[in-house]
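Trainee: My structure is below; once you've seen it, I'll send some questions.
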Amino acid sequence: MLNDLVRRFSIHFLLVGMTLGLLSVPSAAQVYQTSAKFAILTDFDSGSVLFSKDENEQMPPASLAKLMTIEVVFHALKNGELSLSDEFLISENAWREGGANSGGSTMFAKLNSNVSLEDLLHGIIIQSGNDACIAVAEGMAGNEQTFAQLMNRRAEEIGLTGSRFANSTGLPAEDQYVTARDLAHLARYLIEEYPEYYHYFAIPEFTWNNITQHNRNPILGSTEGADGLKTGHTEAAGYGVVASAIRDDQRLIAVLSGMKTMKERREEARKIIDWGFRAFTSKRIYEADEEIAFASVHGGSKSEVVLVSQRPVNLFMARANQGRLKARVYYNGPIKAPIEEGQEVATLKVWADDRLLIEAPLVTGEAIGKGTITQRAIDGIEELLLGWL
């Protein structure tokens, strides 16, 4: 019993770690160059960062902010709060601020008309219509200011840590900014959480009010496997794009911003995606539900709980250049019983040298009930000792 206490006592001061075998690492990312001011290229499955450039710096979002507007709408649809057949009014504010006379991208919706949510989504995703965004914001929240609060709340809930939204359109506004890393995370979330709606991003054109507009995504139809997501442009932001493509069951997400022309945006987006597929390959390091590590348990019927990932853990790694990967598991312990199976309690982080490649959530692989009085007493003594130290 004493030995068990000492062993468990020690685990709180040790980082649970492991060194993986020799595997390819993304050193090729260091030699890639882009003219974009801000950039990030990630692997969808693993979240591995294949290339980055000032990816955590704040930048004006332009119409890339519409991805957050879309997420709010998709979330409401998934929860049954809205349906695609719901109709929204094109108010005078939406018509004036987002219509043809505004000088920005527009769906050309008619003043005081009622438009279905599905058509408004086409207008937002395909045509980047500011009028459609404002109509949705007003219909869901009464006004854009309140809708922006919904955007920021959802952004926090899904893990966007460096972005803030002030309106539904991405038009210039005080204290509105995003990061390339957040946009990549948002794109991944949209693809993963809303597969039933993701096909909207690949629709080549949409006609409304007898006006046909083509999808503004520059890589659709010109880059193999391209199927989304969104472009943006303002004078302050430059030209930007969030793009995704899938080849042989591997998907990449690219975010580029701060370019000077549409041509530059198109070429840089195509170039970085093609490079990513050529230079990297996917390697699985853990299967779903495979034992990865153990976490200490306080007051439970068992002293440790196994940690697993609910989905396979893959690394998208350079085809050339061998190196040693380092993986560590972080958690705040001991974890108090009772513990439910599938409870998220830890994070797996994998590095190549000093470069963080992925962060994967880990969950408990089993349920553990409360321990006996004796077991809880031992844990109580351990807790006192830890607090004293």
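Lettering and numbering for the structure tokens are positional, with chains as A, B, ... in the shown order, residues counted from 1 in each chain, and ligands counted from 1 in the shown order.
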List every residue of segment 273-332 of chain A that DSSP, applied to the backbone of this structure, places in strand (DSSP E), and write the result as JSON, numbers by chain.
Mentor: {"A": [280, 281, 282, 283, 284, 285, 286, 293, 294, 295, 296, 297, 298, 304, 305, 306, 307, 308, 313, 314, 315, 316, 317, 318, 322, 323, 324, 325, 326, 327, 328, 329, 330, 331]}
Trainee: Restricting the output to C-alpha atoms, write the selected residues as a PDB file, in the first residue's frame.
Mentor:
ATOM      1  CA  PHE A 280       3.831  15.408 -47.326  1.00  0.00           C
ATOM      2  CA  THR A 281       2.317  12.052 -46.566  1.00  0.00           C
ATOM      3  CA  SER A 282      -0.013  10.857 -43.816  1.00  0.00           C
ATOM      4  CA  LYS A 283       1.158   8.415 -41.122  1.00  0.00           C
ATOM      5  CA  ARG A 284      -1.034   7.033 -38.354  1.00  0.00           C
ATOM      6  CA  ILE A 285       0.568   6.955 -34.908  1.00  0.00           C
ATOM      7  CA  TYR A 286      -2.434   5.837 -32.820  1.00  0.00           C
ATOM      8  CA  ALA A 293      -1.259   6.854 -21.566  1.00  0.00           C
ATOM      9  CA  PHE A 294      -2.614   6.616 -18.014  1.00  0.00           C
ATOM     10  CA  ALA A 295      -3.800   9.366 -15.668  1.00  0.00           C
ATOM     11  CA  SER A 296      -3.824   9.170 -11.878  1.00  0.00           C
ATOM     12  CA  VAL A 297      -7.228   8.897 -10.179  1.00  0.00           C
ATOM     13  CA  HIS A 298      -8.211  10.340  -6.796  1.00  0.00           C
ATOM     14  CA  GLU A 304      -5.247   5.011 -12.802  1.00  0.00           C
ATOM     15  CA  VAL A 305      -7.463   5.448 -15.829  1.00  0.00           C
ATOM     16  CA  VAL A 306      -6.449   4.673 -19.402  1.00  0.00           C
ATOM     17  CA  LEU A 307      -6.425   7.573 -21.866  1.00  0.00           C
ATOM     18  CA  VAL A 308      -7.403   7.116 -25.511  1.00  0.00           C
ATOM     19  CA  VAL A 313      -4.271  10.191 -34.509  1.00  0.00           C
ATOM     20  CA  ASN A 314      -2.481  10.890 -37.792  1.00  0.00           C
ATOM     21  CA  LEU A 315       0.527  12.991 -38.651  1.00  0.00           C
ATOM     22  CA  PHE A 316       0.906  14.580 -42.065  1.00  0.00           C
ATOM     23  CA  MET A 317       4.669  14.522 -42.479  1.00  0.00           C
ATOM     24  CA  ALA A 318       7.383  15.367 -44.978  1.00  0.00           C
ATOM     25  CA  GLN A 322      13.958  11.626 -41.182  1.00  0.00           C
ATOM     26  CA  GLY A 323      13.731  12.833 -37.611  1.00  0.00           C
ATOM     27  CA  ARG A 324      12.582  11.877 -34.148  1.00  0.00           C
ATOM     28  CA  LEU A 325       9.126  12.837 -32.929  1.00  0.00           C
ATOM     29  CA  LYS A 326       8.373  13.530 -29.285  1.00  0.00           C
ATOM     30  CA  ALA A 327       4.905  13.057 -27.820  1.00  0.00           C
ATOM     31  CA  ARG A 328       3.688  14.029 -24.365  1.00  0.00           C
ATOM     32  CA  VAL A 329       0.383  13.860 -22.563  1.00  0.00           C
ATOM     33  CA  TYR A 330      -0.780  16.724 -20.348  1.00  0.00           C
ATOM     34  CA  TYR A 331      -3.545  16.616 -17.765  1.00  0.00           C
TER      35      TYR A 331
END
Trainee: Using DSSP on the backbone coordinates, identify the residues of segment 60-227 of chain A assigned to helix (DSSP H, G or I); present them as a VMD selection string.
Mentor: chain A and resid 62 to 78 92 to 98 100 to 102 117 to 125 130 to 141 144 to 158 180 to 193 198 to 202
Trainee: If you count only C-alpha atoms, which residues fall within 8 Å of segment 116-125 of chain A, apart from same-chain ones fewer than 3 positions away, as number ranges by chain?
Mentor: A: 66, 70, 83-88, 106-107, 128-130, 132-133, 136, 200-201, 206, 215, 229-230
Trainee: From the set A:Leu160, A:Val49, A:Val363, A:Gly333, which residue has the shortest atom-to-atom contact distance to Thr347 of chain A, counting only C-alpha atoms?
Mentor: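 Nearest candidate to Thr347 of chain A out of A:Leu160, A:Val49, A:Val363, A:Gly333: A:Val363.
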Trainee: Quick one: residues within 10 Å of segment 337-340 of chain A, only C-alpha atoms counted, chain neighbours fewer than 6 positions away excluded, as a PDB file with N, CA and C atoms, in the first residue's frame?
Mentor:
ATOM      1  N   VAL A 297      -5.850   8.710 -10.630  1.00  0.00           N
ATOM      2  CA  VAL A 297      -7.228   8.897 -10.179  1.00  0.00           C
ATOM      3  C   VAL A 297      -7.243   9.122  -8.671  1.00  0.00           C
ATOM      4  N   HIS A 298      -8.059  10.054  -8.225  1.00  0.00           N
ATOM      5  CA  HIS A 298      -8.211  10.340  -6.796  1.00  0.00           C
ATOM      6  C   HIS A 298      -9.574   9.836  -6.323  1.00  0.00           C
ATOM      7  N   GLY A 299      -9.561   9.013  -5.278  1.00  0.00           N
ATOM      8  CA  GLY A 299     -10.806   8.562  -4.668  1.00  0.00           C
ATOM      9  C   GLY A 299     -11.566   7.555  -5.484  1.00  0.00           C
ATOM     10  N   GLY A 300     -10.861   6.814  -6.342  1.00  0.00           N
ATOM     11  CA  GLY A 300     -11.543   5.871  -7.200  1.00  0.00           C
ATOM     12  C   GLY A 300     -11.283   4.424  -6.839  1.00  0.00           C
ATOM     13  N   SER A 301     -12.032   3.531  -7.485  1.00  0.00           N
ATOM     14  CA  SER A 301     -11.845   2.106  -7.271  1.00  0.00           C
ATOM     15  C   SER A 301     -10.573   1.597  -7.936  1.00  0.00           C
ATOM     16  N   LYS A 302     -10.021   2.409  -8.857  1.00  0.00           N
ATOM     17  CA  LYS A 302      -8.734   2.112  -9.471  1.00  0.00           C
ATOM     18  C   LYS A 302      -7.840   3.337  -9.327  1.00  0.00           C
ATOM     19  N   SER A 303      -6.537   3.119  -9.316  1.00  0.00           N
ATOM     20  CA  SER A 303      -5.597   4.226  -9.089  1.00  0.00           C
ATOM     21  C   SER A 303      -5.261   4.983 -10.365  1.00  0.00           C
ATOM     22  N   VAL A 305      -6.479   5.628 -14.771  1.00  0.00           N
ATOM     23  CA  VAL A 305      -7.463   5.448 -15.829  1.00  0.00           C
ATOM     24  C   VAL A 305      -6.735   5.546 -17.165  1.00  0.00           C
ATOM     25  N   VAL A 363      -9.495  11.184 -24.059  1.00  0.00           N
ATOM     26  CA  VAL A 363     -10.628  10.915 -23.180  1.00  0.00           C
ATOM     27  C   VAL A 363     -10.336   9.654 -22.367  1.00  0.00           C
ATOM     28  N   THR A 364     -11.105   9.491 -21.328  1.00  0.00           N
ATOM     29  CA  THR A 364     -10.971   8.283 -20.511  1.00  0.00           C
ATOM     30  C   THR A 364     -11.518   7.080 -21.267  1.00  0.00           C
ATOM     31  N   GLY A 365     -10.778   5.989 -21.216  1.00  0.00           N
ATOM     32  CA  GLY A 365     -11.180   4.800 -21.957  1.00  0.00           C
ATOM     33  C   GLY A 365     -12.036   3.852 -21.156  1.00  0.00           C
ATOM     34  N   GLU A 366     -12.390   4.226 -19.935  1.00  0.00           N
ATOM     35  CA  GLU A 366     -13.205   3.374 -19.077  1.00  0.00           C
ATOM     36  C   GLU A 366     -13.873   4.225 -18.009  1.00  0.00           C
ATOM     37  N   ALA A 367     -14.888   3.659 -17.409  1.00  0.00           N
ATOM     38  CA  ALA A 367     -15.564   4.314 -16.287  1.00  0.00           C
ATOM     39  C   ALA A 367     -14.968   3.783 -14.988  1.00  0.00           C
ATOM     40  N   ILE A 368     -14.778   4.681 -14.022  1.00  0.00           N
ATOM     41  CA  ILE A 368     -14.234   4.293 -12.719  1.00  0.00           C
ATOM     42  C   ILE A 368     -15.126   4.883 -11.629  1.00  0.00           C
ATOM     43  N   GLY A 369     -15.612   4.013 -10.760  1.00  0.00           N
ATOM     44  CA  GLY A 369     -16.473   4.460  -9.675  1.00  0.00           C
ATOM     45  C   GLY A 369     -15.677   4.902  -8.460  1.00  0.00           C
ATOM     46  N   LYS A 370     -16.368   5.326  -7.431  1.00  0.00           N
ATOM     47  CA  LYS A 370     -15.704   5.726  -6.200  1.00  0.00           C
ATOM     48  C   LYS A 370     -15.094   4.506  -5.509  1.00  0.00           C
ATOM     49  N   GLY A 371     -13.971   4.746  -4.839  1.00  0.00           N
ATOM     50  CA  GLY A 371     -13.286   3.672  -4.156  1.00  0.00           C
ATOM     51  C   GLY A 371     -13.849   3.411  -2.771  1.00  0.00           C
ATOM     52  N   ARG A 376     -10.076   5.839  -0.416  1.00  0.00           N
ATOM     53  CA  ARG A 376     -10.263   7.296  -0.369  1.00  0.00           C
ATOM     54  C   ARG A 376      -9.397   7.916   0.711  1.00  0.00           C
TER      55      ARG A 376
END
